[in-house]
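Note: the block below is structure_35.cif and it holds mmCIF, C-alpha atoms.
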```cif
data_entry
loop_
_atom_site.label_atom_id
_atom_site.label_comp_id
_atom_site.auth_asym_id
_atom_site.auth_seq_id
_atom_site.Cartn_x
_atom_site.Cartn_y
_atom_site.Cartn_z
CA MET U 1 86.43 28.26 -45.93
CA GLN U 2 88.41 26.60 -43.16
CA ASP U 3 91.85 25.22 -43.91
CA GLU U 4 92.28 22.79 -41.03
CA PRO U 5 91.04 20.55 -39.74
CA THR U 6 89.42 19.25 -42.90
CA PRO U 7 86.00 17.56 -42.76
CA THR U 8 87.76 14.23 -43.27
CA GLU U 9 90.09 14.88 -40.35
CA LEU U 10 87.19 15.90 -38.12
CA ILE U 11 85.14 12.82 -38.93
CA LYS U 12 88.15 10.54 -38.46
CA ALA U 13 88.94 12.16 -35.10
CA VAL U 14 85.38 11.59 -33.87
CA ALA U 15 85.40 7.98 -35.09
CA ASP U 16 88.77 7.32 -33.44
CA PHE U 17 87.60 8.91 -30.17
CA LEU U 18 84.45 6.80 -30.12
CA ARG U 19 86.35 3.63 -31.06
CA ASN U 20 89.24 4.08 -28.62
CA GLU U 21 87.77 6.00 -25.68
CA ILE U 22 84.03 5.33 -25.55
CA ALA U 23 83.50 1.90 -27.13
CA PRO U 24 85.50 -0.07 -24.53
CA ALA U 25 83.15 1.16 -21.79
CA ILE U 26 79.89 0.40 -23.65
CA LYS U 27 78.32 -3.06 -23.41
CA GLY U 28 75.41 -4.97 -24.88
CA HIS U 29 73.12 -3.63 -27.58
CA ASN U 30 74.44 -0.08 -27.16
CA SER U 31 77.90 -1.40 -28.03
CA PHE U 32 76.51 -2.77 -31.28
CA LYS U 33 74.78 0.54 -32.09
CA LEU U 34 77.99 2.42 -31.33
CA ARG U 35 79.98 0.16 -33.70
CA VAL U 36 77.37 0.80 -36.42
CA GLY U 37 77.82 4.54 -35.89
CA ILE U 38 81.61 4.26 -35.99
CA ASN U 39 81.39 2.20 -39.19
CA ALA U 40 79.17 4.90 -40.73
CA LEU U 41 81.73 7.58 -39.85
CA ASP U 42 84.51 5.43 -41.36
CA LEU U 43 82.43 5.01 -44.52
CA VAL U 44 81.89 8.76 -44.84
CA THR U 45 85.64 9.31 -44.38
CA ARG U 46 86.37 6.91 -47.24
CA GLN U 47 83.68 8.54 -49.40
CA LEU U 48 85.22 11.96 -48.87
CA ALA U 49 88.67 10.61 -49.71
CA LEU U 50 87.84 8.40 -52.69
CA ALA U 51 84.47 9.20 -54.23
CA GLU U 52 85.40 12.30 -56.22
CA VAL U 53 88.25 10.61 -58.11
CA GLY U 54 86.27 7.39 -58.47
CA ASP U 55 83.25 9.22 -59.87
CA ALA U 56 85.41 11.20 -62.30
CA THR U 57 87.18 8.12 -63.66
CA GLU U 58 83.88 6.21 -63.87
CA ALA U 59 82.32 9.07 -65.83
CA ALA U 60 85.32 9.21 -68.18
CA ARG U 61 85.06 5.46 -68.85
CA LEU U 62 81.33 5.75 -69.48
CA LYS U 63 81.77 8.69 -71.86
CA ALA U 64 84.30 6.69 -73.86
CA LEU U 65 82.21 3.52 -73.76
CA LEU U 66 78.96 5.24 -74.76
CA ASP U 67 80.49 7.95 -76.93
CA THR U 68 78.26 10.54 -75.27
CA ASP U 69 78.38 13.16 -72.55
CA GLY U 70 76.30 13.67 -69.42
CA THR U 71 76.32 13.47 -65.67
CA LEU U 72 77.43 10.28 -63.98
CA MET U 73 73.81 9.44 -63.22
CA GLU U 74 72.74 10.07 -66.82
CA LEU U 75 75.61 8.01 -68.18
CA ASN U 76 74.85 5.10 -65.86
CA ARG U 77 71.19 5.27 -66.83
CA ALA U 78 72.14 5.21 -70.51
CA LEU U 79 74.42 2.21 -69.98
CA SER U 80 71.70 0.39 -68.04
CA GLU U 81 69.21 1.01 -70.85
CA LYS U 82 71.68 -0.24 -73.47
CA ILE U 83 72.36 -3.38 -71.44
CA ALA U 84 68.63 -3.98 -70.90
CA SER U 85 67.91 -3.58 -74.60
CA GLY U 86 70.76 -5.90 -75.58
CA GLU U 87 72.54 -3.12 -77.46
CA VAL U 88 75.66 -3.75 -75.35
CA ASP U 89 76.77 -6.88 -73.53
CA LEU U 90 79.92 -8.40 -72.08
CA ALA U 91 81.30 -8.81 -75.61
CA THR U 92 81.25 -5.02 -76.01
CA PRO U 93 84.86 -3.78 -75.92
CA GLY U 94 85.60 -2.04 -72.65
CA LEU U 95 82.40 -3.02 -70.84
CA PRO U 96 83.77 -5.87 -68.71
CA GLU U 97 86.75 -3.76 -67.66
CA HIS U 98 84.49 -0.81 -66.84
CA LEU U 99 82.15 -2.94 -64.73
CA TRP U 100 85.06 -4.57 -62.90
CA GLN U 101 86.82 -1.28 -62.14
CA THR U 102 83.56 0.35 -61.03
CA THR U 103 82.94 -2.56 -58.67
CA MET U 104 86.46 -2.37 -57.26
CA ASP U 105 86.17 1.41 -56.77
CA LYS U 106 82.87 1.01 -54.92
CA LEU U 107 84.29 -1.75 -52.71
CA ALA U 108 87.25 0.50 -51.82
CA VAL U 109 84.73 2.87 -50.27
CA ASP U 110 82.09 0.50 -48.97
CA GLN U 111 83.94 -2.68 -47.93
CA PRO U 112 87.74 -2.23 -48.06
CA ASN U 113 88.26 -5.11 -45.64
CA TYR U 114 86.16 -7.56 -47.66
CA ALA U 115 88.34 -10.65 -48.18
CA SER U 116 87.57 -11.05 -51.89
CA TYR U 117 88.30 -7.37 -52.51
CA LYS U 118 91.67 -7.68 -50.77
CA ARG U 119 92.43 -10.84 -52.75
CA GLU U 120 91.70 -9.09 -56.04
CA LEU U 121 93.87 -6.11 -55.06
CA GLY U 122 96.67 -8.58 -54.44
CA ASN U 123 96.10 -10.14 -57.87
CA LYS U 124 96.62 -6.76 -59.56
CA VAL U 125 100.11 -6.36 -58.12
#
```

Please, can you express the file's structure as structure tokens?
Amino acid sequence: MQDEPTPTELIKAVADFLRNEIAPAIKGHNSFKLRVGINALDLVTRQLALAEVGDATEAARLKALLDTDGTLMELNRALSEKIASGEVDLATPGLPEHLWQTTMDKLAVDQPNYASYKRELGNKV
């Protein structure tokens, strides 16, 4: 196993190089494709930094909410089935908070510059 640079550092370095050194010289449709690629690298960087903790806390909330154990995928499937069957709904204690926090955690990875996400972060402070 390598100590440094970490995969996150490598991906960030490539994204920064493309953004700062290559992108200014690229025009037209290739510029658009390059920005898409840079955005994908930024997304992967955020996934590496945030997904493990987010997945662990989501799984813990689901285990408490459902009073069962399983993988994150199994727990989400079980919750979806309970919602579809009407067994749980927004009146179920803990469900609205779980759904909100899961949404916020996913936005932190996928769309951290989304205006509504930023507004809600500001509301928590």

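Note that CA of Asp67 in chain U and CA of Leu95 in chain U are 12.7 Å apart.
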
Using only C-alpha atoms, the shortest atom-to-atom distance to Asn20 in chain U among U:Ile38, U:Pro93, U:Pro7, U:Leu62 belongs to U:Ile38

Per-axis box centre and lengths in Å around range 62-79 of chain U, 3 Å margin per side, axis-aligned, as JSON:
```
{"center_x": 77.7, "center_y": 7.9, "center_z": -70.1, "size_x": 19.1, "size_y": 17.5, "size_z": 19.7}
```

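Residues within 9 Å of Leu48 in chain U, counting all atoms listed in the file and excluding same-chain residues fewer than 4 positions away, are Pro7, Thr8, Leu43, Val44 and Glu52 of chain U.
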
May I have the protein, DNA and RNA residues with any atom at most 12 Å from the point (83.0, -4.9, -65.7), counting only C-alpha atoms, written as a PDB file with C-alpha atoms, keeping the file's coordinate frame?
```
ATOM      1  CA  GLU U  58      83.880   6.210 -63.870  1.00  0.00           C
ATOM      2  CA  ARG U  61      85.060   5.460 -68.850  1.00  0.00           C
ATOM      3  CA  LEU U  62      81.330   5.750 -69.480  1.00  0.00           C
ATOM      4  CA  LEU U  65      82.210   3.520 -73.760  1.00  0.00           C
ATOM      5  CA  LEU U  79      74.420   2.210 -69.980  1.00  0.00           C
ATOM      6  CA  ASP U  89      76.770  -6.880 -73.530  1.00  0.00           C
ATOM      7  CA  LEU U  90      79.920  -8.400 -72.080  1.00  0.00           C
ATOM      8  CA  ALA U  91      81.300  -8.810 -75.610  1.00  0.00           C
ATOM      9  CA  THR U  92      81.250  -5.020 -76.010  1.00  0.00           C
ATOM     10  CA  PRO U  93      84.860  -3.780 -75.920  1.00  0.00           C
ATOM     11  CA  GLY U  94      85.600  -2.040 -72.650  1.00  0.00           C
ATOM     12  CA  LEU U  95      82.400  -3.020 -70.840  1.00  0.00           C
ATOM     13  CA  PRO U  96      83.770  -5.870 -68.710  1.00  0.00           C
ATOM     14  CA  GLU U  97      86.750  -3.760 -67.660  1.00  0.00           C
ATOM     15  CA  HIS U  98      84.490  -0.810 -66.840  1.00  0.00           C
ATOM     16  CA  LEU U  99      82.150  -2.940 -64.730  1.00  0.00           C
ATOM     17  CA  TRP U 100      85.060  -4.570 -62.900  1.00  0.00           C
ATOM     18  CA  GLN U 101      86.820  -1.280 -62.140  1.00  0.00           C
ATOM     19  CA  THR U 102      83.560   0.350 -61.030  1.00  0.00           C
ATOM     20  CA  THR U 103      82.940  -2.560 -58.670  1.00  0.00           C
ATOM     21  CA  MET U 104      86.460  -2.370 -57.260  1.00  0.00           C
ATOM     22  CA  ASP U 105      86.170   1.410 -56.770  1.00  0.00           C
TER      23      ASP U 105
END
```

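Once the PyMOL selection byres ((chain U and resi 37) around 12) is applied to the depicted file, the selected set reads Ile11, Val14, Ala15, Asp16, Leu18, Arg19, Ala23, Asn30, Ser31, Phe32, Lys33, Leu34, Arg35, Val36, Ile38, Asn39, Ala40, Leu41, Asp42, Leu43 and Val44 of chain U.
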
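Reported to one decimal place, the separation of CA of Pro5 in chain U from CA of Glu21 in chain U is 20.5 Å.
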
Show which residues sit within 12 Å of range 70-74 of chain U, as a PyMOL selection string. Count all atoms listed in the file, and ignore same-chain residues fewer than 6 positions away.
chain U and resi 52+54-64+80-81

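Atom pair CA of Thr6 in chain U / CA of Gln111 in chain U has a distance of 23.2 Å (rounded to one decimal).
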